[in-house]
Amino acid sequence: MRFVTVAGPPSSGKTCVIVKTLEELQRQNVKCGVVKFDCLSAQDQLIYHAKGIPVKVGLSGNLCPDHFYVSNIEAAVEWARGEGFDYLVTESAGLCNRCSPHIKDILAVCVVDNLSGVNTPKKIGPMLKSADIVVITKGDIVSQAEREVFTFRVRQVNPRARIIQFNGVTGQGSFYLKEAFSETATVGSLQGATLRFTMPGALCSYCLGERTIGEDKQIGVSRLMEFNG
């Protein structure tokens, strides 16, 4: 089974990119499945179902979505293997622009969109910096100059990644992404696999349910700003 991780900021077009690419693969009579990781709610499973793509949805709720992801990813792969999928794609929330869902030796894709602003690539963390492929969407809505500047900013952050321009309406770019999916290595199990980057680190009183503001309430690991001098 081939396994691909897809991440990106909210509303960047991740689901559309995945659907268009898996439709290309389905034309080759291969079986594809998706696991969608999100926080509070998700409706994208309706889109996958409409396209005949099996999907499971996991909601992290009040847990860190990164930690929820890594705690469940091995079970997701086992589910896909049990279903006999040729391809498994995971779509992760990316809600904090810091998520690090990519795994060593597993094809990593980050989806970003031109409408988010030319400074956005510098604000996105490991999900962009450690990606093998960066898919840039919504290029049909901005000018050629804006597309070139945005692409340049992406290359500044991740100079080694392959960049694919993607049109979610027409599907332009899906063929190239499908070819990249097809070239990735197969995976048997994630037992012993390692993440490409560390998870966010914090265990403080607010993580455990504290709601009152005050220095005496800040127990555990935290980071304070300097306001003097």
# chains A, B, ... in the order shown; residues from 1 in each chain; ligands from 1

$ residues_around --residues "stretch 209-214 of chain A" --least-positions-apart "5" --cutoff "10 Å" --atoms "only C-alpha atoms" --output "ChimeraX atom specification"
/A:62,204,219

$ write_last_selection --atoms "C-alpha atoms" --output "PDB file, in the first residue's frame"
ATOM      1  CA  ASN A  62     -10.102  19.580  23.056  1.00  0.00           C
ATOM      2  CA  CYS A 204       0.420  23.535  31.593  1.00  0.00           C
ATOM      3  CA  ILE A 219       1.655  25.846  36.456  1.00  0.00           C
TER       4      ILE A 219
END

$ closest_atom_pairs --of "stretch 44-66 of chain A" --to "stretch 17-39 of chain A" --cutoff "7 Å" --atoms "only C-alpha atoms" --output "Markdown table"
| residue | atom | partner | partner_atom | distance |
| --- | --- | --- | --- | --- |
| A:Tyr48 | CA | A:Val19 | CA | 7.0 |
| A:Ile53 | CA | A:Gly33 | CA | 5.9 |
| A:Pro54 | CA | A:Gly33 | CA | 5.0 |
| A:Val55 | CA | A:Val34 | CA | 4.7 |
| A:Lys56 | CA | A:Val35 | CA | 4.8 |
| A:Val57 | CA | A:Lys36 | CA | 4.7 |
| A:Gly58 | CA | A:Phe37 | CA | 4.9 |
| A:Leu59 | CA | A:Cys39 | CA | 4.8 |
| A:Ser60 | CA | A:Cys39 | CA | 4.7 |
| A:Gly61 | CA | A:Cys39 | CA | 5.2 |
| A:Pro65 | CA | A:Cys39 | CA | 6.4 |

$ write_last_selection --atoms "N, CA and C atoms" --output "short mmCIF file (atom, residue, chain, number, x, y, z; two decimals), in the first residue's frame"
data_model
loop_
_atom_site.label_atom_id
_atom_site.label_comp_id
_atom_site.auth_asym_id
_atom_site.auth_seq_id
_atom_site.Cartn_x
_atom_site.Cartn_y
_atom_site.Cartn_z
N TYR A 48 -16.14 13.09 -0.16
CA TYR A 48 -15.48 11.82 -0.47
C TYR A 48 -16.51 10.73 -0.78
N ILE A 53 -15.22 7.41 -2.52
CA ILE A 53 -13.92 7.22 -1.85
C ILE A 53 -14.19 6.92 -0.37
N PRO A 54 -13.84 5.73 0.10
CA PRO A 54 -14.03 5.41 1.52
C PRO A 54 -13.25 6.38 2.41
N VAL A 55 -13.86 6.80 3.52
CA VAL A 55 -13.24 7.79 4.38
C VAL A 55 -13.58 7.52 5.84
N LYS A 56 -12.62 7.77 6.71
CA LYS A 56 -12.83 7.78 8.15
C LYS A 56 -12.48 9.18 8.66
N VAL A 57 -13.22 9.65 9.65
CA VAL A 57 -13.01 11.00 10.20
C VAL A 57 -12.66 10.88 11.68
N GLY A 58 -11.61 11.58 12.08
CA GLY A 58 -11.23 11.65 13.48
C GLY A 58 -11.21 13.09 13.94
N LEU A 59 -11.91 13.39 15.03
CA LEU A 59 -11.96 14.74 15.58
C LEU A 59 -11.21 14.79 16.91
N SER A 60 -10.27 15.71 17.00
CA SER A 60 -9.43 15.78 18.20
C SER A 60 -10.14 16.42 19.38
N GLY A 61 -11.21 17.20 19.12
CA GLY A 61 -11.92 17.85 20.22
C GLY A 61 -11.03 18.83 20.95
N PRO A 65 -4.42 18.83 17.97
CA PRO A 65 -4.63 18.02 16.77
C PRO A 65 -3.38 17.27 16.33
#

$ residues_around --residues "A:Ser11" --least-positions-apart "5" --cutoff "10 Å" --atoms "only C-alpha atoms" --output "list in words"
Cys16, Ala93, Leu95, Val111, Val112, Asp113 and Ser116 of chain A

$ write_last_selection --atoms "C-alpha atoms" --output "CSV table (one decimal), in the first residue's frame"
chain,number,residue,atom,x,y,z
A,16,CYS,CA,-10.4,19.3,-3.5
A,93,ALA,CA,-6.3,19.9,10.1
A,95,LEU,CA,-5.3,24.7,12.1
A,111,VAL,CA,-1.4,22.6,0.2
A,112,VAL,CA,-1.3,26.4,0.3
A,113,ASP,CA,-3.3,28.9,-1.6
A,116,SER,CA,-3.7,33.6,1.8

$ closest_atom_pairs --of "stretch 35-101 of chain A" --to "stretch 184-195 of chain A" --cutoff "12 Å" --atoms "only C-alpha atoms" --output "CSV"
residue,atom,partner,partner_atom,distance
A:Asp66,CA,A:Leu195,CA,11.1
A:His67,CA,A:Leu195,CA,11.6
A:Tyr69,CA,A:Leu195,CA,11.3
A:Val70,CA,A:Leu195,CA,8.7
A:Ser71,CA,A:Leu190,CA,11.6
A:Asn72,CA,A:Leu190,CA,11.0
A:Ile73,CA,A:Leu190,CA,8.2
A:Glu74,CA,A:Leu190,CA,5.8
A:Ala75,CA,A:Leu190,CA,9.2
A:Ala76,CA,A:Leu190,CA,10.0
A:Val77,CA,A:Ser189,CA,7.2
A:Glu78,CA,A:Ser189,CA,7.5
A:Trp79,CA,A:Ser189,CA,11.1
A:Ala80,CA,A:Gly188,CA,10.6
A:Arg81,CA,A:Gly188,CA,8.2
A:Gly82,CA,A:Gly188,CA,11.5
A:Gly84,CA,A:Gly188,CA,12.0
A:Phe85,CA,A:Thr186,CA,11.5
A:Asp86,CA,A:Thr186,CA,9.0
A:Tyr87,CA,A:Thr186,CA,9.0
A:Leu88,CA,A:Val187,CA,10.1
A:Cys99,CA,A:Leu195,CA,11.3
A:Ser100,CA,A:Leu195,CA,7.7
A:Pro101,CA,A:Leu195,CA,7.2

$ write_last_selection --atoms "N, CA and C atoms" --output "mmCIF file, in the first residue's frame"
data_model
loop_
_atom_site.group_PDB
_atom_site.id
_atom_site.type_symbol
_atom_site.label_atom_id
_atom_site.label_comp_id
_atom_site.auth_asym_id
_atom_site.auth_seq_id
_atom_site.Cartn_x
_atom_site.Cartn_y
_atom_site.Cartn_z
ATOM 1 N N ASP A 66 -2.206 17.834 16.575
ATOM 2 C CA ASP A 66 -0.964 17.126 16.254
ATOM 3 C C ASP A 66 -0.838 15.847 17.052
ATOM 4 N N HIS A 67 -1.042 15.961 18.356
ATOM 5 C CA HIS A 67 -0.888 14.802 19.233
ATOM 6 C C HIS A 67 -1.974 13.769 18.947
ATOM 7 N N TYR A 69 -3.325 13.270 16.064
ATOM 8 C CA TYR A 69 -2.931 12.649 14.790
ATOM 9 C C TYR A 69 -1.931 11.516 15.017
ATOM 10 N N VAL A 70 -0.834 11.823 15.714
ATOM 11 C CA VAL A 70 0.233 10.832 15.857
ATOM 12 C C VAL A 70 -0.206 9.657 16.725
ATOM 13 N N SER A 71 -1.186 9.883 17.597
ATOM 14 C CA SER A 71 -1.691 8.801 18.443
ATOM 15 C C SER A 71 -2.585 7.837 17.663
ATOM 16 N N ASN A 72 -3.099 8.283 16.524
ATOM 17 C CA ASN A 72 -4.061 7.471 15.774
ATOM 18 C C ASN A 72 -3.589 7.052 14.390
ATOM 19 N N ILE A 73 -2.432 7.555 13.956
ATOM 20 C CA ILE A 73 -2.029 7.322 12.573
ATOM 21 C C ILE A 73 -1.713 5.860 12.282
ATOM 22 N N GLU A 74 -1.131 5.163 13.248
ATOM 23 C CA GLU A 74 -0.815 3.749 13.010
ATOM 24 C C GLU A 74 -2.089 2.934 12.840
ATOM 25 N N ALA A 75 -3.114 3.229 13.652
ATOM 26 C CA ALA A 75 -4.394 2.534 13.513
ATOM 27 C C ALA A 75 -5.043 2.857 12.172
ATOM 28 N N ALA A 76 -4.839 4.076 11.678
ATOM 29 C CA ALA A 76 -5.384 4.450 10.372
ATOM 30 C C ALA A 76 -4.766 3.609 9.260
ATOM 31 N N VAL A 77 -3.452 3.412 9.351
ATOM 32 C CA VAL A 77 -2.770 2.592 8.348
ATOM 33 C C VAL A 77 -3.245 1.143 8.425
ATOM 34 N N GLU A 78 -3.436 0.635 9.631
ATOM 35 C CA GLU A 78 -3.920 -0.742 9.789
ATOM 36 C C GLU A 78 -5.328 -0.885 9.220
ATOM 37 N N TRP A 79 -6.170 0.138 9.422
ATOM 38 C CA TRP A 79 -7.511 0.118 8.828
ATOM 39 C C TRP A 79 -7.424 0.045 7.312
ATOM 40 N N ALA A 80 -6.560 0.846 6.730
ATOM 41 C CA ALA A 80 -6.420 0.878 5.276
ATOM 42 C C ALA A 80 -5.919 -0.459 4.740
ATOM 43 N N ARG A 81 -4.971 -1.046 5.445
ATOM 44 C CA ARG A 81 -4.461 -2.357 5.019
ATOM 45 C C ARG A 81 -5.565 -3.409 5.093
ATOM 46 N N GLY A 82 -6.364 -3.349 6.159
ATOM 47 C CA GLY A 82 -7.462 -4.302 6.304
ATOM 48 C C GLY A 82 -8.518 -4.157 5.231
ATOM 49 N N GLY A 84 -7.799 -3.317 2.219
ATOM 50 C CA GLY A 84 -7.182 -3.676 0.940
ATOM 51 C C GLY A 84 -6.947 -2.501 0.012
ATOM 52 N N PHE A 85 -6.738 -1.307 0.565
ATOM 53 C CA PHE A 85 -6.501 -0.136 -0.271
ATOM 54 C C PHE A 85 -5.133 -0.213 -0.938
ATOM 55 N N ASP A 86 -5.082 0.307 -2.164
ATOM 56 C CA ASP A 86 -3.799 0.491 -2.839
ATOM 57 C C ASP A 86 -3.144 1.798 -2.404
ATOM 58 N N TYR A 87 -3.986 2.780 -2.049
ATOM 59 C CA TYR A 87 -3.500 4.090 -1.613
ATOM 60 C C TYR A 87 -4.274 4.526 -0.379
ATOM 61 N N LEU A 88 -3.536 5.083 0.586
ATOM 62 C CA LEU A 88 -4.150 5.769 1.716
ATOM 63 C C LEU A 88 -3.618 7.193 1.746
ATOM 64 N N CYS A 99 1.494 22.568 12.498
ATOM 65 C CA CYS A 99 1.354 21.116 12.572
ATOM 66 C C CYS A 99 2.484 20.406 11.848
ATOM 67 N N SER A 100 2.885 19.276 12.400
ATOM 68 C CA SER A 100 3.981 18.503 11.814
ATOM 69 C C SER A 100 3.543 17.062 11.590
ATOM 70 N N PRO A 101 2.644 16.830 10.639
ATOM 71 C CA PRO A 101 2.095 15.488 10.450
ATOM 72 C C PRO A 101 2.921 14.600 9.527
#

$ closest_atom_pairs --of "stretch 193-213 of chain A" --to "stretch 125-148 of chain A" --cutoff "10 Å" --atoms "only C-alpha atoms" --output "tab-separated table"
residue	atom	partner	partner_atom	distance
A:Arg196	CA	A:Ser130	CA	7.0
A:Phe197	CA	A:Pro126	CA	6.7
A:Thr198	CA	A:Pro126	CA	8.9
A:Met199	CA	A:Pro126	CA	9.5

$ select_by_dssp --residues "chain A" --states "strand (DSSP E)" --output "tab-separated table (two decimals) with N, CA and C atoms, in the first residue's frame"
chain	number	residue	atom	x	y	z
A	2	ARG	N	0.47	2.24	-0.78
A	2	ARG	CA	1.17	3.53	-0.81
A	2	ARG	C	0.45	4.51	0.11
A	3	PHE	N	1.24	5.30	0.83
A	3	PHE	CA	0.70	6.17	1.86
A	3	PHE	C	1.22	7.59	1.65
A	4	VAL	N	0.31	8.56	1.68
A	4	VAL	CA	0.66	9.96	1.46
A	4	VAL	C	0.02	10.81	2.56
A	5	THR	N	0.80	11.73	3.15
A	5	THR	CA	0.24	12.68	4.12
A	5	THR	C	0.03	14.02	3.43
A	6	VAL	N	-1.15	14.59	3.62
A	6	VAL	CA	-1.49	15.90	3.06
A	6	VAL	C	-1.89	16.83	4.19
A	7	ALA	N	-1.26	18.00	4.25
A	7	ALA	CA	-1.56	18.99	5.28
A	7	ALA	C	-1.66	20.37	4.65
A	32	CYS	N	-8.65	3.41	-3.34
A	32	CYS	CA	-8.09	4.49	-2.53
A	32	CYS	C	-8.97	4.76	-1.32
A	33	GLY	N	-8.35	5.15	-0.22
A	33	GLY	CA	-9.07	5.52	0.98
A	33	GLY	C	-8.47	6.76	1.61
A	34	VAL	N	-9.26	7.44	2.43
A	34	VAL	CA	-8.82	8.69	3.07
A	34	VAL	C	-9.15	8.64	4.55
A	35	VAL	N	-8.24	9.17	5.37
A	35	VAL	CA	-8.54	9.42	6.78
A	35	VAL	C	-8.41	10.93	7.00
A	36	LYS	N	-9.49	11.54	7.44
A	36	LYS	CA	-9.54	12.99	7.66
A	36	LYS	C	-9.41	13.28	9.15
A	37	PHE	N	-8.38	14.06	9.51
A	37	PHE	CA	-8.18	14.49	10.89
A	37	PHE	C	-8.58	15.96	11.00
A	38	ASP	N	-9.44	16.26	11.97
A	38	ASP	CA	-9.87	17.64	12.17
A	38	ASP	C	-10.07	17.88	13.66
A	55	VAL	N	-13.86	6.80	3.52
A	55	VAL	CA	-13.24	7.79	4.38
A	55	VAL	C	-13.58	7.52	5.84
A	56	LYS	N	-12.62	7.77	6.71
A	56	LYS	CA	-12.83	7.78	8.15
A	56	LYS	C	-12.48	9.18	8.66
A	57	VAL	N	-13.22	9.65	9.65
A	57	VAL	CA	-13.01	11.00	10.20
A	57	VAL	C	-12.66	10.88	11.68
A	58	GLY	N	-11.61	11.58	12.08
A	58	GLY	CA	-11.23	11.65	13.48
A	58	GLY	C	-11.21	13.09	13.94
A	59	LEU	N	-11.91	13.39	15.03
A	59	LEU	CA	-11.96	14.74	15.58
A	59	LEU	C	-11.21	14.79	16.91
A	87	TYR	N	-3.99	2.78	-2.05
A	87	TYR	CA	-3.50	4.09	-1.61
A	87	TYR	C	-4.27	4.53	-0.38
A	88	LEU	N	-3.54	5.08	0.59
A	88	LEU	CA	-4.15	5.77	1.72
A	88	LEU	C	-3.62	7.19	1.75
A	89	VAL	N	-4.54	8.16	1.85
A	89	VAL	CA	-4.16	9.56	1.99
A	89	VAL	C	-4.74	10.08	3.30
A	90	THR	N	-3.91	10.70	4.12
A	90	THR	CA	-4.42	11.35	5.32
A	90	THR	C	-4.47	12.86	5.08
A	91	GLU	N	-5.55	13.45	5.54
A	91	GLU	CA	-5.72	14.91	5.45
A	91	GLU	C	-5.79	15.45	6.87
A	107	LEU	N	5.65	10.00	1.57
A	107	LEU	CA	5.47	11.18	0.74
A	107	LEU	C	4.65	12.24	1.48
A	108	ALA	N	5.19	13.45	1.56
A	108	ALA	CA	4.56	14.54	2.32
A	108	ALA	C	4.16	15.67	1.39
A	109	VAL	N	2.88	16.05	1.45
A	109	VAL	CA	2.34	17.11	0.59
A	109	VAL	C	1.78	18.22	1.47
A	110	CYS	N	2.08	19.47	1.11
A	110	CYS	CA	1.48	20.62	1.78
A	110	CYS	C	0.71	21.43	0.75
A	111	VAL	N	-0.52	21.80	1.08
A	111	VAL	CA	-1.37	22.58	0.19
A	111	VAL	C	-1.49	24.00	0.74
A	112	VAL	N	-1.15	24.98	-0.07
A	112	VAL	CA	-1.30	26.39	0.29
A	112	VAL	C	-1.98	27.11	-0.87
A	113	ASP	N	-2.61	28.25	-0.57
A	113	ASP	CA	-3.34	28.94	-1.64
A	113	ASP	C	-2.88	30.37	-1.81
A	133	ILE	N	6.35	17.86	-1.55
A	133	ILE	CA	5.62	18.52	-2.63
A	133	ILE	C	4.77	19.64	-2.02
A	134	VAL	N	4.81	20.81	-2.63
A	134	VAL	CA	3.94	21.91	-2.23
A	134	VAL	C	2.97	22.17	-3.38
A	135	VAL	N	1.69	22.02	-3.09
A	135	VAL	CA	0.64	22.26	-4.06
A	135	VAL	C	0.09	23.66	-3.81
A	136	ILE	N	0.11	24.51	-4.83
A	136	ILE	CA	-0.39	25.87	-4.71
A	136	ILE	C	-1.70	25.99	-5.47
A	137	THR	N	-2.75	26.39	-4.77
A	137	THR	CA	-4.09	26.45	-5.35
A	137	THR	C	-4.55	27.89	-5.57
A	162	ARG	N	9.15	20.02	-4.56
A	162	ARG	CA	8.57	20.15	-5.90
A	162	ARG	C	7.29	20.95	-5.78
A	163	ILE	N	7.10	21.94	-6.63
A	163	ILE	CA	5.91	22.79	-6.58
A	163	ILE	C	4.98	22.43	-7.74
A	164	ILE	N	3.71	22.23	-7.42
A	164	ILE	CA	2.69	21.92	-8.42
A	164	ILE	C	1.58	22.96	-8.32
A	165	GLN	N	1.33	23.67	-9.42
A	165	GLN	CA	0.22	24.60	-9.48
A	165	GLN	C	-1.06	23.80	-9.76
A	166	PHE	N	-2.12	24.06	-8.98
A	166	PHE	CA	-3.30	23.20	-9.03
A	166	PHE	C	-4.56	24.04	-9.16

$ closest_residue --among "A:Ala161, A:Leu203, A:Val169, A:Ala50" --to "A:Ser222" --atoms "only C-alpha atoms"
A:Leu203

$ select_by_dssp --residues "chain A" --states "helix (DSSP H, G or I)" --output "VMD selection string"
chain A and resid 14 to 26 44 to 50 65 to 83 114 to 116 120 to 123 126 to 129 144 to 157 174 to 183 215 to 217
